[in-house]
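**Q** Got a structure here, written out as structure tokens. Questions coming.
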Amino acid sequence: MEIIPVKTGRAYEVTVGHGCADAFYDQLAARHRGKRAAIVTDETVDGLYGEAVRRALEGRGIPCCKFAFPGGEPHKRMETALEICEFLHREGITRSDFLVALGGGIPGDVTGFCAAVYLRGVEYVQIPTTLLAQIDSSVGGKTAVNIDGGKNLVGCFWQPSAVLCDTAFFDTLPEETFADGVGEAIKYGAIRDAQLFEQMRGDFRRNLLPIVARCIAIKAAVVEADERDTGERMVLNFGHTLGHAIEKHSGFAVTHGKAVAIGMQMMADACAQNGLCAPEVPAAIRDCLERNGLAWRYDAPLEGLLAIAAGDKKRDGTSISPVLIRAIGRCEPVSMEWGAFAQFMAAGGSRA
Ligand code: NAD
Ligand code: ZN
């Protein structure tokens, strides 16, 4: 078991391990004596783990209530947040109680949002159960719901007070959902840590625990340096400009982490073609993606993807902040005019 501190405005710890849940609950119970917990989750995760988490907390003297909503992006909405807040009120949850976000990034983001706004802010702990949620969404305090205009357009920064990353939750995770997390994990190696990247070119599953812990440590460091996402945190968007466009172009058939994987490859190809990194860099990314069973190219004309990306960014003006890769473990966000970015990308070649 490893404890990773996150030194943001409100400091907290991430407990990482395989089968470390009981130790986490013991600590939680000691810290939250006399409080009540409201567990918020989606229906799938509720069926798998909802009652176990409730029993674990109640067995340690923390009375619980539980709310489960249908999973999926269409339910990551204000209406769901409102239902949760009404539920919290009916249950008599006060500012001295706390919420438990149990599940993937969707319950995590919605519960975090409710914690931020219910009674102008209550504590919450994250118990992420997907790989993506453990290495990405549960740490950093970004909460959000979707609106018709786009994903994550309403939300705020509200840090959790503790995070449990128990890799035993992955025992029930569908392979496809795990693969999305692998795409984001490779991103952490690519942006900050060549050694981690090499580890992921080996046997990912066998090295799962050190990989998860290292990804969380990188996320924590980036968030500490830029809690409000005004500079350094942008590096986490490596592969995301084209990735988001691929997700949309495919009608979301290509899911987020897999789309980001292809977006990283396209960006690395373009960087190599523009002389910003050695050709070994895109070759290494392609090798790492292949070894992990992830696609590295997407069959669509670049112009179409750029048009979608431009549409996404329209309201930000004429420039864009792509994240360039200079070496494995070294990425940097830059600012570019749209025309220059399109030319830059056209030099790459990892489309079909
Ligand atoms: P998710 O919450 O929808 O989970 C994916 C699926 O896996 C769901 O069907 C869920 O029911 C199921 N599931 C979860 N844990 C399981 C388990 N242990 N066993 C079996 N099934 C399980 O989505 P996600 O992929 O975890 O997260 C995606 C969301 O995270 C997006 O909405 C994205 O915007 C958000 N996100 C937020 C941040 C942030 O910083 N806040 C960062 C990245 C992504
Ligand atoms: Zn992402």
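For the structure tokens, the naming scheme is as follows: chains receive sequential letters (A, B, ...) according to their order of presentation, residues are indexed from 1 within each chain, and ligands are indexed from 1 in presentation order.
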Fewer than 2 positions away in the same chain doesn't count, so skip those; otherwise give me all residues within 10 Å of A:Arg214, counting only C-alpha atoms, as an MDAnalysis selection string.

**A** chainID A and resid 4 135 185 188:189 193 196 208:212 216:220

**Q** Give the residue list for ligand 2 at 10 Å, counting only C-alpha atoms and all ligand atoms, as a VMD selection string, sorted by chain and then by residue number.

**A** chain A and resid 132 136 to 137 180 to 181 183 to 185 187 236 to 240 243 to 244 256 to 261

**Q** If you measure from atom CA of A:Val110 to atom 24 (P, counted along the ligand's line) of ligand 1, what distance in Å do you get, rounded to one decimal?

**A** 11.8 Å

**Q** Residues contacting ligand 1 - anything with an atom at most 9 Å away, using only C-alpha atoms and all ligand atoms - can you give me those as a PyMOL selection string?

**A** chain A and resi 41-46+48-49+70-73+76+102-110+112+128-146+151-152+167-174+177-178+180-181+184+255-257

**Q** Please, what distance in Å, to one decimal, runs between atom CA of A:Gly263 and atom CA of A:Leu242?

**A**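 Going from atom CA of A:Gly263 over to atom CA of A:Leu242 covers 4.8 Å.
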
**Q** Looking at only C-alpha atoms, which of A:Glu232, A:Asp166, A:Glu13, A:Glu303 is the one that sits closest to A:Val125?

**A**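 Closest candidate: A:Glu13.
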
**Q** Can you tell me, as an mmCIF file with all heavy atoms, in the first residue's frame, what residues are no more than 9 Å from stretch 271-274 of chain A when counting only C-alpha atoms, ignoring any on the same chain fewer than 6 positions away?

**A**
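Result written to part.cif:
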data_model
loop_
_atom_site.group_PDB
_atom_site.id
_atom_site.type_symbol
_atom_site.label_atom_id
_atom_site.label_comp_id
_atom_site.auth_asym_id
_atom_site.auth_seq_id
_atom_site.Cartn_x
_atom_site.Cartn_y
_atom_site.Cartn_z
ATOM 1 N N GLU A 280 12.343 8.406 -33.485
ATOM 2 C CA GLU A 280 12.181 7.309 -32.505
ATOM 3 C C GLU A 280 10.999 7.568 -31.555
ATOM 4 O O GLU A 280 10.470 6.623 -30.975
ATOM 5 C CB GLU A 280 13.455 7.132 -31.669
ATOM 6 C CG GLU A 280 14.613 6.476 -32.416
ATOM 7 C CD GLU A 280 15.339 7.430 -33.349
ATOM 8 O OE1 GLU A 280 15.136 8.672 -33.227
ATOM 9 O OE2 GLU A 280 16.094 6.949 -34.219
ATOM 10 N N VAL A 281 10.643 8.847 -31.400
ATOM 11 C CA VAL A 281 9.564 9.165 -30.441
ATOM 12 C C VAL A 281 8.213 8.621 -30.928
ATOM 13 O O VAL A 281 7.573 7.833 -30.230
ATOM 14 C CB VAL A 281 9.523 10.687 -30.135
ATOM 15 C CG1 VAL A 281 8.289 11.049 -29.323
ATOM 16 C CG2 VAL A 281 10.794 11.099 -29.401
ATOM 17 N N PRO A 282 7.769 8.987 -32.159
ATOM 18 C CA PRO A 282 6.499 8.389 -32.614
ATOM 19 C C PRO A 282 6.602 6.876 -32.764
ATOM 20 O O PRO A 282 5.602 6.171 -32.528
ATOM 21 C CB PRO A 282 6.236 9.070 -33.967
ATOM 22 C CG PRO A 282 7.502 9.738 -34.354
ATOM 23 C CD PRO A 282 8.253 10.031 -33.095
ATOM 24 N N LEU A 324 2.936 19.687 -27.451
ATOM 25 C CA LEU A 324 3.943 19.089 -28.330
ATOM 26 C C LEU A 324 4.813 18.122 -27.546
ATOM 27 O O LEU A 324 5.028 18.295 -26.345
ATOM 28 C CB LEU A 324 4.832 20.189 -28.930
ATOM 29 C CG LEU A 324 4.099 21.332 -29.625
ATOM 30 C CD1 LEU A 324 5.119 22.339 -30.163
ATOM 31 C CD2 LEU A 324 3.212 20.805 -30.755
ATOM 32 N N ILE A 325 5.321 17.110 -28.232
ATOM 33 C CA ILE A 325 6.230 16.173 -27.570
ATOM 34 C C ILE A 325 7.646 16.366 -28.136
ATOM 35 O O ILE A 325 7.850 16.416 -29.340
ATOM 36 C CB ILE A 325 5.740 14.706 -27.696
ATOM 37 C CG1 ILE A 325 6.658 13.758 -26.914
ATOM 38 C CG2 ILE A 325 5.588 14.255 -29.153
ATOM 39 C CD1 ILE A 325 6.010 12.444 -26.522
ATOM 40 N N ARG A 326 8.614 16.510 -27.200
ATOM 41 C CA ARG A 326 10.009 16.721 -27.609
ATOM 42 C C ARG A 326 10.820 15.453 -27.425
ATOM 43 O O ARG A 326 11.810 15.228 -28.130
ATOM 44 C CB ARG A 326 10.642 17.855 -26.785
ATOM 45 C CG ARG A 326 9.840 19.138 -26.754
ATOM 46 C CD ARG A 326 9.537 19.675 -28.131
ATOM 47 N NE ARG A 326 10.726 20.068 -28.853
ATOM 48 C CZ ARG A 326 11.099 21.330 -29.091
ATOM 49 N NH1 ARG A 326 10.355 22.316 -28.675
ATOM 50 N NH2 ARG A 326 12.200 21.594 -29.753
ATOM 51 N N PHE A 344 0.926 22.325 -39.464
ATOM 52 C CA PHE A 344 1.795 21.517 -38.605
ATOM 53 C C PHE A 344 1.325 20.065 -38.596
ATOM 54 O O PHE A 344 2.094 19.124 -38.778
ATOM 55 C CB PHE A 344 1.760 22.104 -37.191
ATOM 56 C CG PHE A 344 2.656 21.425 -36.203
ATOM 57 C CD1 PHE A 344 3.986 21.807 -36.066
ATOM 58 C CD2 PHE A 344 2.176 20.400 -35.403
ATOM 59 C CE1 PHE A 344 4.812 21.181 -35.146
ATOM 60 C CE2 PHE A 344 2.995 19.760 -34.480
ATOM 61 C CZ PHE A 344 4.322 20.153 -34.358
ATOM 62 N N MET A 345 0.023 19.875 -38.416
ATOM 63 C CA MET A 345 -0.534 18.523 -38.352
ATOM 64 C C MET A 345 -0.480 17.838 -39.709
ATOM 65 O O MET A 345 -0.302 16.618 -39.787
ATOM 66 C CB MET A 345 -1.980 18.552 -37.846
ATOM 67 C CG MET A 345 -2.155 18.923 -36.396
ATOM 68 S SD MET A 345 -1.128 17.975 -35.252
ATOM 69 C CE MET A 345 -1.667 16.292 -35.545
ATOM 70 N N ALA A 347 1.729 17.749 -41.741
ATOM 71 C CA ALA A 347 3.047 17.140 -41.968
ATOM 72 C C ALA A 347 3.135 15.733 -41.378
ATOM 73 O O ALA A 347 3.943 14.920 -41.801
ATOM 74 C CB ALA A 347 4.142 18.022 -41.355
ATOM 75 N N GLY A 348 2.267 15.419 -40.397
ATOM 76 C CA GLY A 348 2.292 14.075 -39.784
ATOM 77 C C GLY A 348 1.691 13.048 -40.719
ATOM 78 O O GLY A 348 1.233 13.363 -41.811
ATOM 79 N N GLY A 349 1.663 11.774 -40.334
ATOM 80 C CA GLY A 349 1.151 10.812 -41.307
ATOM 81 C C GLY A 349 0.539 9.545 -40.753
ATOM 82 O O GLY A 349 0.525 8.535 -41.445
#

**Q** Give me, as number ranges by chain, all polymer residues having an atom no more than 7 Å from A:Val323, counting only C-alpha atoms and skipping those fewer than 5 positions away in the same chain.

**A** A: 235, 237-238, 331-334

**Q** Hey, what's within 12 Å of stretch 84-90 of chain A if we count only C-alpha atoms and toss same-chain stuff fewer than 3 positions away? As an MDAnalysis selection string, please?

**A** chainID A and resid 36:42 64:69 75:81 93:95 97:101 107 110:122

**Q** Using DSSP on the backbone, list every residue of stretch 129-308 of chain A that comes out as strand (DSSP E), and give them as a list in words.

**A**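 Here is the list: Lys142, Thr143, Ala144, Val145, Asn146, Ile147, Gly150, Lys151, Asn152, Leu153, Val154, Gly155, Cys156, Phe157, Ala162, Val163, Leu164, Cys165 and Asp166 of chain A.
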
**Q** Just list the residues in stretch 43-103 of chain A DSSP gives helix (DSSP H, G or I) on the backbone, as a PyMOL selection string.

**A** chain A and resi 43-58+73-75+78-90

**Q** Go ahead and save the residues from that selection, with N, CA, C and O atoms, as a compact mmCIF listing (two decimals), in the first residue's frame.

**A**
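File written: again.txt
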# COMPACT_ATOMS: atom_id res chain seq x y z
N GLU A 43 -25.75 2.70 -11.30
CA GLU A 43 -26.48 1.47 -10.97
C GLU A 43 -25.62 0.22 -11.14
O GLU A 43 -25.74 -0.75 -10.38
N THR A 44 -24.71 0.24 -12.15
CA THR A 44 -23.84 -0.93 -12.36
C THR A 44 -22.90 -1.13 -11.18
O THR A 44 -22.78 -2.22 -10.63
N VAL A 45 -22.24 -0.06 -10.79
CA VAL A 45 -21.29 -0.15 -9.69
C VAL A 45 -22.02 -0.44 -8.38
O VAL A 45 -21.54 -1.18 -7.53
N ASP A 46 -23.22 0.11 -8.27
CA ASP A 46 -24.03 -0.15 -7.07
C ASP A 46 -24.27 -1.66 -6.94
O ASP A 46 -24.10 -2.23 -5.86
N GLY A 47 -24.64 -2.30 -8.08
CA GLY A 47 -24.89 -3.74 -8.05
C GLY A 47 -23.66 -4.55 -7.66
O GLY A 47 -23.77 -5.61 -7.04
N LEU A 48 -22.49 -4.02 -8.01
CA LEU A 48 -21.25 -4.76 -7.72
C LEU A 48 -20.69 -4.46 -6.33
O LEU A 48 -20.21 -5.35 -5.63
N TYR A 49 -20.67 -3.18 -5.97
CA TYR A 49 -19.93 -2.77 -4.77
C TYR A 49 -20.72 -1.92 -3.77
O TYR A 49 -20.23 -1.64 -2.67
N GLY A 50 -21.90 -1.46 -4.16
CA GLY A 50 -22.65 -0.51 -3.33
C GLY A 50 -22.86 -0.99 -1.90
O GLY A 50 -22.56 -0.29 -0.94
N GLU A 51 -23.38 -2.22 -1.81
CA GLU A 51 -23.71 -2.73 -0.47
C GLU A 51 -22.44 -3.03 0.34
O GLU A 51 -22.40 -2.86 1.56
N ALA A 52 -21.41 -3.51 -0.35
CA ALA A 52 -20.15 -3.82 0.35
C ALA A 52 -19.56 -2.54 0.98
O ALA A 52 -19.09 -2.56 2.12
N VAL A 53 -19.61 -1.44 0.24
CA VAL A 53 -19.06 -0.18 0.76
C VAL A 53 -19.94 0.30 1.93
O VAL A 53 -19.44 0.71 2.98
N ARG A 54 -21.25 0.19 1.75
CA ARG A 54 -22.15 0.59 2.84
C ARG A 54 -21.85 -0.23 4.11
O ARG A 54 -21.69 0.33 5.20
N ARG A 55 -21.74 -1.56 3.95
CA ARG A 55 -21.48 -2.41 5.12
C ARG A 55 -20.14 -2.07 5.77
O ARG A 55 -20.00 -2.04 6.98
N ALA A 56 -19.15 -1.80 4.90
CA ALA A 56 -17.81 -1.49 5.43
C ALA A 56 -17.86 -0.23 6.29
O ALA A 56 -17.23 -0.17 7.36
N LEU A 57 -18.62 0.78 5.85
CA LEU A 57 -18.68 2.03 6.62
C LEU A 57 -19.58 1.88 7.85
O LEU A 57 -19.21 2.31 8.94
N GLU A 58 -20.73 1.27 7.65
CA GLU A 58 -21.65 1.13 8.79
C GLU A 58 -21.03 0.24 9.87
O GLU A 58 -21.19 0.50 11.07
N GLU A 73 -22.81 9.04 -20.05
CA GLU A 73 -22.73 10.51 -20.22
C GLU A 73 -24.10 11.20 -20.23
O GLU A 73 -24.22 12.30 -19.69
N PRO A 74 -25.16 10.58 -20.84
CA PRO A 74 -26.45 11.29 -20.85
C PRO A 74 -26.97 11.59 -19.44
O PRO A 74 -27.80 12.47 -19.27
N HIS A 75 -26.48 10.85 -18.44
CA HIS A 75 -26.96 11.09 -17.07
C HIS A 75 -26.00 11.96 -16.26
O HIS A 75 -26.23 12.23 -15.09
N MET A 78 -27.13 18.18 -15.01
CA MET A 78 -27.66 18.99 -13.92
C MET A 78 -28.87 18.32 -13.27
O MET A 78 -29.03 18.37 -12.05
N GLU A 79 -29.72 17.68 -14.10
CA GLU A 79 -30.94 17.03 -13.56
C GLU A 79 -30.54 15.97 -12.54
O GLU A 79 -31.18 15.84 -11.49
N THR A 80 -29.49 15.20 -12.84
CA THR A 80 -29.03 14.17 -11.91
C THR A 80 -28.48 14.83 -10.65
O THR A 80 -28.76 14.40 -9.53
N ALA A 81 -27.70 15.88 -10.83
CA ALA A 81 -27.12 16.59 -9.68
C ALA A 81 -28.23 17.12 -8.78
O ALA A 81 -28.15 17.05 -7.54
N LEU A 82 -29.28 17.63 -9.42
CA LEU A 82 -30.41 18.18 -8.66
C LEU A 82 -31.09 17.06 -7.86
O LEU A 82 -31.41 17.24 -6.67
N GLU A 83 -31.32 15.92 -8.52
CA GLU A 83 -31.93 14.77 -7.83
C GLU A 83 -31.08 14.36 -6.62
O GLU A 83 -31.61 14.02 -5.56
N ILE A 84 -29.77 14.36 -6.82
CA ILE A 84 -28.87 13.97 -5.72
C ILE A 84 -28.99 14.98 -4.57
O ILE A 84 -29.11 14.59 -3.40
N CYS A 85 -29.01 16.27 -4.90
CA CYS A 85 -29.10 17.29 -3.84
C CYS A 85 -30.43 17.18 -3.09
O CYS A 85 -30.47 17.30 -1.85
N GLU A 86 -31.53 16.92 -3.83
CA GLU A 86 -32.83 16.73 -3.16
C GLU A 86 -32.75 15.51 -2.22
O GLU A 86 -33.27 15.53 -1.11
N PHE A 87 -32.09 14.45 -2.70
CA PHE A 87 -31.93 13.24 -1.89
C PHE A 87 -31.14 13.55 -0.62
O PHE A 87 -31.52 13.16 0.48
N LEU A 88 -30.04 14.29 -0.77
CA LEU A 88 -29.20 14.62 0.39
C LEU A 88 -30.02 15.39 1.42
O LEU A 88 -29.93 15.16 2.63
N HIS A 89 -30.84 16.32 0.92
CA HIS A 89 -31.67 17.12 1.82
C HIS A 89 -32.69 16.25 2.53
O HIS A 89 -32.87 16.34 3.76
N ARG A 90 -33.38 15.37 1.74
CA ARG A 90 -34.39 14.46 2.36
C ARG A 90 -33.76 13.60 3.44
O ARG A 90 -34.35 13.31 4.47

**Q** Just the residues within 7 Å of A:Lys35, please, counting only C-alpha atoms, with nothing from its chain fewer than 3 positions along; format it as a compact mmCIF listing (two decimals) with C-alpha atoms, in the first residue's frame.

**A**
# COMPACT_ATOMS: atom_id res chain seq x y z
CA HIS A 32 -15.10 10.93 10.48
CA ILE A 62 -20.61 5.55 10.01
CA SER A 96 -20.66 18.05 8.99
CA ASP A 97 -21.43 14.87 6.99

**Q** Skip A:Ala307 itself and residues of its chain fewer than 6 positions away, then list as number ranges by chain all residues within 12 Å of it, counting only C-alpha atoms.

**A** A: 241-242, 244-246, 248-249, 300-301, 313-314, 338-339, 341-342

**Q** What does the structure give for the distance between atom CA of A:Gly149 and atom CA of A:Gly304, in Å to one decimal?

**A**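 Between atom CA of A:Gly149 and atom CA of A:Gly304 the gap works out to 20.1 Å.
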
**Q** Rank A:Asp299, A:Glu198, A:Asp269, A:Glu290 by their smallest atom-to-atom distance to A:Ser250, using only C-alpha atoms, and report the top residue only.

**A**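 So, comparing all the options, the nearest one is A:Asp299.
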